[in-house]
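Enquirer: I am sharing run.pdb, which consists of PDB, C-alpha atoms, pLDDT in the B column:
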ATOM      1  CA  GLY W   1       7.097 -15.569 -12.397  1.00 53.00           C
ATOM      2  CA  ALA W   2       8.193 -11.973 -12.142  1.00 81.00           C
ATOM      3  CA  GLY W   3       6.547  -9.645  -9.703  1.00 93.00           C
ATOM      4  CA  VAL W   4       5.489  -6.052 -10.243  1.00 96.00           C
ATOM      5  CA  SER W   5       8.336  -3.928 -11.555  1.00 96.00           C
ATOM      6  CA  GLN W   6       8.655  -0.148 -11.615  1.00 97.00           C
ATOM      7  CA  THR W   7      11.044   2.133 -13.433  1.00 97.00           C
ATOM      8  CA  PRO W   8      12.959   4.205 -12.714  1.00 97.00           C
ATOM      9  CA  SER W   9      13.730   3.276  -9.132  1.00 96.00           C
ATOM     10  CA  ASN W  10      14.767   6.870  -8.443  1.00 97.00           C
ATOM     11  CA  LYS W  11      13.990  10.093 -10.269  1.00 97.00           C
ATOM     12  CA  VAL W  12      15.335  13.545  -9.510  1.00 98.00           C
ATOM     13  CA  THR W  13      13.826  16.448 -11.384  1.00 97.00           C
ATOM     14  CA  GLU W  14      13.498  20.191 -11.164  1.00 97.00           C
ATOM     15  CA  LYS W  15      10.368  22.077 -10.239  1.00 97.00           C
ATOM     16  CA  GLY W  16       8.201  22.637 -13.283  1.00 97.00           C
ATOM     17  CA  LYS W  17       9.461  19.658 -15.266  1.00 98.00           C
ATOM     18  CA  TYR W  18       7.412  16.743 -16.648  1.00 98.00           C
ATOM     19  CA  VAL W  19       8.000  13.174 -15.439  1.00 98.00           C
ATOM     20  CA  GLU W  20       6.757   9.723 -16.381  1.00 98.00           C
ATOM     21  CA  LEU W  21       6.783   6.737 -14.050  1.00 98.00           C
ATOM     22  CA  ARG W  22       6.306   3.244 -15.436  1.00 98.00           C
ATOM     23  CA  CYS W  23       4.710   0.149 -13.926  1.00 98.00           C
ATOM     24  CA  ASP W  24       4.836  -3.420 -15.276  1.00 98.00           C
ATOM     25  CA  PRO W  25       2.207  -5.509 -13.479  1.00 97.00           C
ATOM     26  CA  ILE W  26       2.207  -9.245 -12.959  1.00 96.00           C
ATOM     27  CA  SER W  27       1.313 -10.948 -16.229  1.00 94.00           C
ATOM     28  CA  GLY W  28      -2.406 -11.622 -16.503  1.00 92.00           C
ATOM     29  CA  HIS W  29      -3.448  -9.219 -13.747  1.00 93.00           C
ATOM     30  CA  THR W  30      -6.337  -7.089 -14.940  1.00 92.00           C
ATOM     31  CA  ALA W  31      -6.403  -4.671 -11.997  1.00 92.00           C
ATOM     32  CA  LEU W  32      -3.639  -2.082 -11.525  1.00 95.00           C
ATOM     33  CA  TYR W  33      -3.335   0.541  -8.805  1.00 95.00           C
ATOM     34  CA  TRP W  34      -1.143   3.581  -8.206  1.00 97.00           C
ATOM     35  CA  TYR W  35      -0.456   4.858  -4.692  1.00 97.00           C
ATOM     36  CA  ARG W  36       1.717   7.666  -3.323  1.00 97.00           C
ATOM     37  CA  GLN W  37       3.608   7.346  -0.041  1.00 96.00           C
ATOM     38  CA  SER W  38       5.076  10.356   1.718  1.00 94.00           C
ATOM     39  CA  LEU W  39       7.728   9.983   4.383  1.00 90.00           C
ATOM     40  CA  GLY W  40       6.347   8.487   7.583  1.00 88.00           C
ATOM     41  CA  GLN W  41       2.891   7.933   6.090  1.00 92.00           C
ATOM     42  CA  GLY W  42       0.964   5.016   4.714  1.00 94.00           C
ATOM     43  CA  PRO W  43       0.345   4.796   0.957  1.00 95.00           C
ATOM     44  CA  GLU W  44      -2.495   6.944  -0.405  1.00 95.00           C
ATOM     45  CA  PHE W  45      -4.586   5.814  -3.342  1.00 94.00           C
ATOM     46  CA  LEU W  46      -4.267   7.692  -6.631  1.00 96.00           C
ATOM     47  CA  ILE W  47      -5.937   5.716  -9.420  1.00 95.00           C
ATOM     48  CA  TYR W  48      -7.205   2.219 -10.247  1.00 93.00           C
ATOM     49  CA  PHE W  49      -7.412   0.568 -13.674  1.00 94.00           C
ATOM     50  CA  GLN W  50      -9.527  -2.408 -14.644  1.00 91.00           C
ATOM     51  CA  GLY W  51      -8.133  -3.451 -18.002  1.00 91.00           C
ATOM     52  CA  THR W  52      -7.469  -0.374 -20.114  1.00 92.00           C
ATOM     53  CA  GLY W  53      -9.915   1.953 -18.411  1.00 91.00           C
ATOM     54  CA  ALA W  54      -9.565   3.997 -15.251  1.00 90.00           C
ATOM     55  CA  ALA W  55     -12.239   2.575 -12.972  1.00 87.00           C
ATOM     56  CA  ASP W  56     -11.550   5.070 -10.189  1.00 89.00           C
ATOM     57  CA  ASP W  57      -9.337   8.159 -10.430  1.00 91.00           C
ATOM     58  CA  SER W  58     -10.726   9.889  -7.357  1.00 90.00           C
ATOM     59  CA  GLY W  59      -7.333   9.904  -5.636  1.00 92.00           C
ATOM     60  CA  LEU W  60      -5.504  12.001  -8.218  1.00 95.00           C
ATOM     61  CA  PRO W  61      -4.708  15.250  -6.390  1.00 93.00           C
ATOM     62  CA  ASN W  62      -5.168  17.616  -9.345  1.00 92.00           C
ATOM     63  CA  ASP W  63      -5.113  17.835 -13.120  1.00 94.00           C
ATOM     64  CA  ARG W  64      -1.315  17.787 -13.253  1.00 97.00           C
ATOM     65  CA  PHE W  65      -1.521  14.049 -12.606  1.00 97.00           C
ATOM     66  CA  PHE W  66      -2.599  11.645 -15.329  1.00 96.00           C
ATOM     67  CA  ALA W  67      -2.207   7.897 -15.878  1.00 97.00           C
ATOM     68  CA  VAL W  68      -2.714   5.595 -18.832  1.00 96.00           C
ATOM     69  CA  ARG W  69      -2.807   1.871 -19.494  1.00 96.00           C
ATOM     70  CA  PRO W  70      -3.386   1.672 -23.249  1.00 95.00           C
ATOM     71  CA  GLU W  71      -3.061  -2.090 -23.737  1.00 93.00           C
ATOM     72  CA  GLY W  72      -4.271  -3.259 -20.361  1.00 91.00           C
ATOM     73  CA  SER W  73      -0.818  -4.208 -19.119  1.00 95.00           C
ATOM     74  CA  VAL W  74       1.921  -1.581 -18.597  1.00 97.00           C
ATOM     75  CA  SER W  75       0.821   1.679 -17.006  1.00 98.00           C
ATOM     76  CA  THR W  76       2.447   5.092 -16.993  1.00 98.00           C
ATOM     77  CA  LEU W  77       1.827   7.765 -14.376  1.00 98.00           C
ATOM     78  CA  LYS W  78       2.467  11.218 -15.783  1.00 98.00           C
ATOM     79  CA  ILE W  79       3.059  14.345 -13.720  1.00 98.00           C
ATOM     80  CA  GLN W  80       3.133  17.750 -15.390  1.00 97.00           C
ATOM     81  CA  ARG W  81       4.702  20.937 -13.981  1.00 97.00           C
ATOM     82  CA  THR W  82       6.111  19.088 -10.990  1.00 98.00           C
ATOM     83  CA  GLU W  83       6.109  20.780  -7.602  1.00 97.00           C
ATOM     84  CA  ARG W  84       8.283  20.129  -4.546  1.00 97.00           C
ATOM     85  CA  GLY W  85       5.238  18.721  -2.778  1.00 96.00           C
ATOM     86  CA  ASP W  86       5.065  15.932  -5.362  1.00 97.00           C
ATOM     87  CA  SER W  87       8.203  14.395  -3.854  1.00 97.00           C
ATOM     88  CA  ALA W  88       7.263  10.953  -2.556  1.00 97.00           C
ATOM     89  CA  VAL W  89       7.528   7.256  -3.320  1.00 97.00           C
ATOM     90  CA  TYR W  90       5.067   6.232  -6.027  1.00 98.00           C
ATOM     91  CA  LEU W  91       3.933   2.629  -5.613  1.00 97.00           C
ATOM     92  CA  CYS W  92       2.215   0.449  -8.168  1.00 97.00           C
ATOM     93  CA  ALA W  93       0.243  -2.697  -7.364  1.00 95.00           C
ATOM     94  CA  SER W  94      -1.636  -5.269  -9.400  1.00 94.00           C
ATOM     95  CA  SER W  95      -4.145  -8.005  -8.699  1.00 91.00           C
ATOM     96  CA  SER W  96      -6.178 -10.552 -10.607  1.00 88.00           C
ATOM     97  CA  GLY W  97      -9.356  -8.752  -9.588  1.00 76.00           C
ATOM     98  CA  LEU W  98     -10.822 -11.990  -8.218  1.00 74.00           C
ATOM     99  CA  ALA W  99     -12.618 -11.945  -4.903  1.00 64.00           C
ATOM    100  CA  GLY W 100     -10.239 -12.304  -1.991  1.00 65.00           C
ATOM    101  CA  GLU W 101      -7.118 -11.722  -4.057  1.00 80.00           C
ATOM    102  CA  THR W 102      -4.475  -9.507  -2.524  1.00 86.00           C
ATOM    103  CA  GLN W 103      -2.681  -6.665  -4.246  1.00 90.00           C
ATOM    104  CA  TYR W 104       0.962  -7.269  -5.125  1.00 92.00           C
ATOM    105  CA  PHE W 105       3.193  -4.219  -4.827  1.00 94.00           C
ATOM    106  CA  GLY W 106       6.228  -3.132  -6.774  1.00 95.00           C
ATOM    107  CA  PRO W 107       9.339  -1.623  -5.127  1.00 94.00           C
ATOM    108  CA  GLY W 108       8.241   1.918  -5.961  1.00 96.00           C
ATOM    109  CA  THR W 109       9.764   4.928  -7.679  1.00 97.00           C
ATOM    110  CA  ARG W 110      11.283   7.512  -5.379  1.00 97.00           C
ATOM    111  CA  LEU W 111      10.610  10.947  -6.886  1.00 98.00           C
ATOM    112  CA  LEU W 112      12.493  14.009  -5.681  1.00 98.00           C
ATOM    113  CA  VAL W 113      11.519  17.414  -7.026  1.00 98.00           C
ATOM    114  CA  LEU W 114      14.152  20.078  -6.375  1.00 96.00           C
TER     115      LEU W 114
ATOM    116  CA  LYS T   1     -14.173   8.834   4.376  1.00 79.00           C
ATOM    117  CA  GLN T   2     -12.528   5.711   5.752  1.00 87.00           C
ATOM    118  CA  GLU T   3      -9.760   6.473   8.242  1.00 92.00           C
ATOM    119  CA  VAL T   4      -7.325   3.848   9.478  1.00 96.00           C
ATOM    120  CA  THR T   5      -5.287   4.328  12.639  1.00 96.00           C
ATOM    121  CA  GLN T   6      -2.428   2.219  13.929  1.00 97.00           C
ATOM    122  CA  ILE T   7      -0.965   2.232  17.398  1.00 92.00           C
ATOM    123  CA  PRO T   8       1.704   2.292  18.573  1.00 92.00           C
ATOM    124  CA  ALA T   9       3.599   4.270  15.923  1.00 94.00           C
ATOM    125  CA  ALA T  10       6.815   2.575  16.994  1.00 96.00           C
ATOM    126  CA  LEU T  11       7.627  -0.422  19.132  1.00 95.00           C
ATOM    127  CA  SER T  12      10.910  -1.879  20.332  1.00 97.00           C
ATOM    128  CA  VAL T  13      11.049  -5.331  21.935  1.00 97.00           C
ATOM    129  CA  PRO T  14      13.745  -7.851  22.873  1.00 97.00           C
ATOM    130  CA  GLU T  15      14.056 -10.960  20.754  1.00 97.00           C
ATOM    131  CA  GLY T  16      11.708 -13.778  21.728  1.00 97.00           C
ATOM    132  CA  GLU T  17       8.864 -11.614  23.014  1.00 97.00           C
ATOM    133  CA  ASN T  18       5.316 -11.966  21.803  1.00 97.00           C
ATOM    134  CA  LEU T  19       3.746  -8.710  20.649  1.00 96.00           C
ATOM    135  CA  VAL T  20       0.500  -7.198  19.413  1.00 96.00           C
ATOM    136  CA  LEU T  21       0.010  -4.451  16.853  1.00 97.00           C
ATOM    137  CA  ASN T  22      -3.304  -2.617  16.710  1.00 97.00           C
ATOM    138  CA  CYS T  23      -5.352  -1.228  13.845  1.00 97.00           C
ATOM    139  CA  SER T  24      -8.692   0.584  13.936  1.00 97.00           C
ATOM    140  CA  PHE T  25     -10.925   1.835  11.136  1.00 96.00           C
ATOM    141  CA  THR T  26     -13.860   4.224  11.182  1.00 94.00           C
ATOM    142  CA  ASP T  27     -16.229   2.641   8.643  1.00 89.00           C
ATOM    143  CA  SER T  28     -17.137  -0.955   9.505  1.00 88.00           C
ATOM    144  CA  ALA T  29     -18.514  -1.641   5.992  1.00 88.00           C
ATOM    145  CA  ILE T  30     -15.266  -3.153   4.807  1.00 90.00           C
ATOM    146  CA  TYR T  31     -14.776  -5.929   2.272  1.00 90.00           C
ATOM    147  CA  ASN T  32     -11.490  -7.195   3.662  1.00 91.00           C
ATOM    148  CA  LEU T  33      -8.515  -6.166   5.776  1.00 94.00           C
ATOM    149  CA  GLN T  34      -4.871  -6.825   5.068  1.00 95.00           C
ATOM    150  CA  TRP T  35      -1.647  -6.604   6.998  1.00 97.00           C
ATOM    151  CA  PHE T  36       1.490  -5.713   5.052  1.00 97.00           C
ATOM    152  CA  ARG T  37       5.150  -5.552   5.899  1.00 97.00           C
ATOM    153  CA  GLN T  38       7.418  -2.833   4.488  1.00 95.00           C
ATOM    154  CA  ASP T  39      11.193  -2.923   4.759  1.00 93.00           C
ATOM    155  CA  PRO T  40      13.158   0.349   4.409  1.00 86.00           C
ATOM    156  CA  GLY T  41      13.276   1.500   0.801  1.00 81.00           C
ATOM    157  CA  LYS T  42      11.209  -1.441  -0.371  1.00 84.00           C
ATOM    158  CA  GLY T  43       7.669  -2.123  -1.511  1.00 87.00           C
ATOM    159  CA  LEU T  44       4.953  -3.820   0.503  1.00 93.00           C
ATOM    160  CA  THR T  45       4.667  -7.541   1.146  1.00 94.00           C
ATOM    161  CA  SER T  46       1.263  -8.944   2.011  1.00 93.00           C
ATOM    162  CA  LEU T  47       1.286 -10.960   5.247  1.00 96.00           C
ATOM    163  CA  LEU T  48      -2.344 -11.835   5.921  1.00 95.00           C
ATOM    164  CA  LEU T  49      -5.708 -11.052   4.338  1.00 93.00           C
ATOM    165  CA  ILE T  50      -8.938 -11.400   6.326  1.00 94.00           C
ATOM    166  CA  GLN T  51     -12.286 -11.343   4.544  1.00 91.00           C
ATOM    167  CA  SER T  52     -15.054  -9.385   6.265  1.00 91.00           C
ATOM    168  CA  SER T  53     -16.856 -12.633   7.115  1.00 92.00           C
ATOM    169  CA  GLN T  54     -13.795 -14.083   8.858  1.00 93.00           C
ATOM    170  CA  ARG T  55     -12.586 -13.571  12.409  1.00 95.00           C
ATOM    171  CA  GLU T  56      -8.923 -14.435  12.042  1.00 95.00           C
ATOM    172  CA  GLN T  57      -6.137 -15.709   9.812  1.00 96.00           C
ATOM    173  CA  THR T  58      -2.878 -17.414  10.738  1.00 97.00           C
ATOM    174  CA  SER T  59       0.412 -17.821   8.936  1.00 96.00           C
ATOM    175  CA  GLY T  60       3.347 -19.287  10.823  1.00 97.00           C
ATOM    176  CA  ARG T  61       4.118 -17.067  13.811  1.00 97.00           C
ATOM    177  CA  LEU T  62       1.589 -14.459  12.695  1.00 98.00           C
ATOM    178  CA  ASN T  63      -2.068 -14.305  13.676  1.00 98.00           C
ATOM    179  CA  ALA T  64      -4.427 -11.531  12.616  1.00 97.00           C
ATOM    180  CA  SER T  65      -7.878 -11.041  14.095  1.00 97.00           C
ATOM    181  CA  LEU T  66     -10.775  -8.928  12.890  1.00 97.00           C
ATOM    182  CA  ASP T  67     -13.670  -7.470  14.858  1.00 96.00           C
ATOM    183  CA  LYS T  68     -15.587  -5.748  12.099  1.00 93.00           C
ATOM    184  CA  SER T  69     -18.384  -4.395  14.274  1.00 92.00           C
ATOM    185  CA  SER T  70     -15.982  -2.530  16.551  1.00 94.00           C
ATOM    186  CA  GLY T  71     -13.692  -1.512  13.692  1.00 95.00           C
ATOM    187  CA  ARG T  72     -10.582  -3.203  15.038  1.00 97.00           C
ATOM    188  CA  SER T  73      -7.900  -5.652  13.995  1.00 97.00           C
ATOM    189  CA  THR T  74      -4.817  -6.943  15.764  1.00 97.00           C
ATOM    190  CA  LEU T  75      -1.678  -8.554  14.435  1.00 97.00           C
ATOM    191  CA  TYR T  76      -0.055 -10.949  16.896  1.00 98.00           C
ATOM    192  CA  ILE T  77       3.581 -11.914  16.356  1.00 98.00           C
ATOM    193  CA  ALA T  78       4.845 -14.840  18.414  1.00 98.00           C
ATOM    194  CA  ALA T  79       8.455 -15.355  19.455  1.00 98.00           C
ATOM    195  CA  SER T  80       9.715 -12.238  17.685  1.00 97.00           C
ATOM    196  CA  GLN T  81      13.011 -12.346  15.780  1.00 97.00           C
ATOM    197  CA  PRO T  82      15.385  -9.575  14.611  1.00 97.00           C
ATOM    198  CA  GLY T  83      14.299 -10.358  11.041  1.00 96.00           C
ATOM    199  CA  ASP T  84      10.785  -9.232  11.974  1.00 97.00           C
ATOM    200  CA  SER T  85      12.061  -5.645  12.240  1.00 97.00           C
ATOM    201  CA  ALA T  86      10.112  -3.612   9.671  1.00 97.00           C
ATOM    202  CA  THR T  87       7.125  -1.309   9.368  1.00 97.00           C
ATOM    203  CA  TYR T  88       3.772  -3.083   9.561  1.00 98.00           C
ATOM    204  CA  LEU T  89       0.854  -1.530   7.701  1.00 98.00           C
ATOM    205  CA  CYS T  90      -2.828  -2.267   8.047  1.00 97.00           C
ATOM    206  CA  ALA T  91      -5.145  -1.613   5.094  1.00 96.00           C
ATOM    207  CA  VAL T  92      -8.878  -2.015   4.447  1.00 94.00           C
ATOM    208  CA  SER T  93     -10.795  -2.381   1.210  1.00 90.00           C
ATOM    209  CA  LEU T  94     -14.407  -1.371   0.660  1.00 84.00           C
ATOM    210  CA  GLY T  95     -15.006  -3.640  -2.312  1.00 77.00           C
ATOM    211  CA  ARG T  96     -13.757  -6.637  -4.265  1.00 68.00           C
ATOM    212  CA  ALA T  97     -11.278  -4.789  -6.467  1.00 64.00           C
ATOM    213  CA  ASN T  98     -11.371  -1.421  -4.785  1.00 75.00           C
ATOM    214  CA  ASN T  99      -8.404   0.563  -3.607  1.00 84.00           C
ATOM    215  CA  LEU T 100      -6.899   0.133  -0.152  1.00 91.00           C
ATOM    216  CA  PHE T 101      -7.035   2.628   2.701  1.00 93.00           C
ATOM    217  CA  PHE T 102      -3.824   2.400   4.724  1.00 96.00           C
ATOM    218  CA  GLY T 103      -2.870   3.280   8.256  1.00 96.00           C
ATOM    219  CA  THR T 104       0.378   5.120   8.972  1.00 94.00           C
ATOM    220  CA  GLY T 105       2.066   1.943  10.167  1.00 96.00           C
ATOM    221  CA  THR T 106       3.879   0.643  13.230  1.00 97.00           C
ATOM    222  CA  ARG T 107       7.670   0.609  13.050  1.00 97.00           C
ATOM    223  CA  LEU T 108       8.851  -2.523  14.849  1.00 97.00           C
ATOM    224  CA  THR T 109      12.400  -3.094  16.077  1.00 97.00           C
ATOM    225  CA  VAL T 110      13.331  -6.474  17.542  1.00 97.00           C
ATOM    226  CA  ILE T 111      16.538  -6.243  19.537  1.00 97.00           C
ATOM    227  CA  PRO T 112      18.851  -9.284  19.455  1.00 96.00           C
TER     228      PRO T 112
END
Kindly transcribe the structure held in the file into structure tokens.
Expert:
Amino acid sequence: GAGVSQTPSNKVTEKGKYVELRCDPISGHTALYWYRQSLGQGPEFLIYFQGTGAADDSGLPNDRFFAVRPEGSVSTLKIQRTERGDSAVYLCASSSGLAGETQYFGPGTRLLVL
Amino acid sequence: KQEVTQIPAALSVPEGENLVLNCSFTDSAIYNLQWFRQDPGKGLTSLLLIQSSQREQTSGRLNASLDKSSGRSTLYIAASQPGDSATYLCAVSLGRANNLFFGTGTRLTVIP
């Protein structure tokens, strides 16, 4: 079966613009995670969905960041009024939510804010 | 807040050597610990997952150990190969479906 997919693979935008990043999790996975990875760093948690609801959004840096998962499958991470500091690789992961199950990561979206 | 540290930050070894990567975490109340591999420009691939009740896990040439009480894990790679060159990331979870806390990784280069 297909793994986690993310689109676009690369996104270049100008400061102040709005962007949407999409994640397609593994079919049947109820848990979905967004992480952000800056150059030379490990991924940092942003938000976690269980089904359609955000179970933990404590990692979102500010109110410019928002994510949805309306049907419990595909998720979209939305960034308003982008800033240069938002430039990073945005990683999505999914898991079945069962005990001991690992998270499966997508290839990421590389966002560059000019 | 859970903090995860990995040393060394970079490591270069000749092909065939055995090597050890280190990971430490500040809060011992973890649910599990995972080791991931990341190739340049790619996502993460899970290598080994150790539950908090376990001491070690093995997969092929890889062996990961966990000492929860001291907040440490090691990843042992036997008979290293050039294809092992990548960044290795350690991550801990505090709950069954909770988010992961990652270290900054060790960039490994295996020289043919």
Enquirer: Taking only residues of chain T that have an atom at most 8 Å from an atom of chain W, what is each one's shortest atom pair and its distance in Å to one decimal, using all atoms listed in the file, in chain and number order, as a Markdown table?
Expert:
| residue | atom | partner | partner_atom | distance |
| --- | --- | --- | --- | --- |
| T:Asn32 | CA | W:Gly100 | CA | 7.7 |
| T:Gly41 | CA | W:Pro107 | CA | 7.8 |
| T:Lys42 | CA | W:Pro107 | CA | 5.1 |
| T:Gly43 | CA | W:Pro107 | CA | 4.0 |
| T:Leu44 | CA | W:Phe105 | CA | 5.6 |
| T:Thr45 | CA | W:Phe105 | CA | 7.0 |
| T:Ser46 | CA | W:Thr102 | CA | 7.3 |
| T:Leu49 | CA | W:Thr102 | CA | 7.1 |
| T:Gln51 | CA | W:Gly100 | CA | 6.9 |
| T:Leu89 | CA | W:Gly42 | CA | 7.2 |
| T:Arg96 | CA | W:Ala99 | CA | 5.5 |
| T:Ala97 | CA | W:Gly97 | CA | 5.4 |
| T:Asn98 | CA | W:Tyr48 | CA | 7.8 |
| T:Asn99 | CA | W:Phe45 | CA | 6.5 |
| T:Leu100 | CA | W:Phe45 | CA | 6.9 |
| T:Phe101 | CA | W:Glu44 | CA | 7.0 |
| T:Phe102 | CA | W:Gly42 | CA | 5.5 |
| T:Gly103 | CA | W:Gly42 | CA | 5.5 |
| T:Thr104 | CA | W:Gly42 | CA | 4.3 |
| T:Gly105 | CA | W:Gly42 | CA | 6.4 |
Enquirer: Which one is closest to W:Glu20: W:Ala88, W:Thr52, W:Pro8, W:Pro70? Count all atoms listed in the file.
Expert: W:Pro8
Enquirer: Using only C-alpha atoms, collect all residues at a distance of at most 7 Å from (9.7, -1.6, 9.0) as written in the file, then present them as an MDAnalysis selection string.
Expert: chainID T and resid 37:40 85:88 107:108
Enquirer: Any chance you can output those residues with C-alpha atoms as a PDB file, in the coordinates of the input?
Expert:
ATOM      1  CA  ARG T  37       5.150  -5.552   5.899  1.00 97.00           C
ATOM      2  CA  GLN T  38       7.418  -2.833   4.488  1.00 95.00           C
ATOM      3  CA  ASP T  39      11.193  -2.923   4.759  1.00 93.00           C
ATOM      4  CA  PRO T  40      13.158   0.349   4.409  1.00 86.00           C
ATOM      5  CA  SER T  85      12.061  -5.645  12.240  1.00 97.00           C
ATOM      6  CA  ALA T  86      10.112  -3.612   9.671  1.00 97.00           C
ATOM      7  CA  THR T  87       7.125  -1.309   9.368  1.00 97.00           C
ATOM      8  CA  TYR T  88       3.772  -3.083   9.561  1.00 98.00           C
ATOM      9  CA  ARG T 107       7.670   0.609  13.050  1.00 97.00           C
ATOM     10  CA  LEU T 108       8.851  -2.523  14.849  1.00 97.00           C
TER      11      LEU T 108
END
Enquirer: Might you spell out which residues the PyMOL selection byres ((chain T and resi 9) around 7) would select in the displayed file, as a list in words?
Expert: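 That selection, the PyMOL selection byres ((chain T and resi 9) around 7), comes back as Gln6, Ile7, Pro8, Ala10, Leu11, Gly105, Thr106 and Arg107 of chain T.
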Enquirer: Let me know the residues the PyMOL selection byres ((chain T and resi 62) around 9) catches in the file above, as an MDAnalysis selection string.
Expert: chainID T and resid 47:48 57:61 63:64 75:78
Enquirer: Run through the PyMOL selection byres ((chain T and resi 66) around 6) on the given coordinates and return the selected residues as JSON, numbers by chain.
Expert: {"T": [55, 56, 65, 67, 68, 73]}
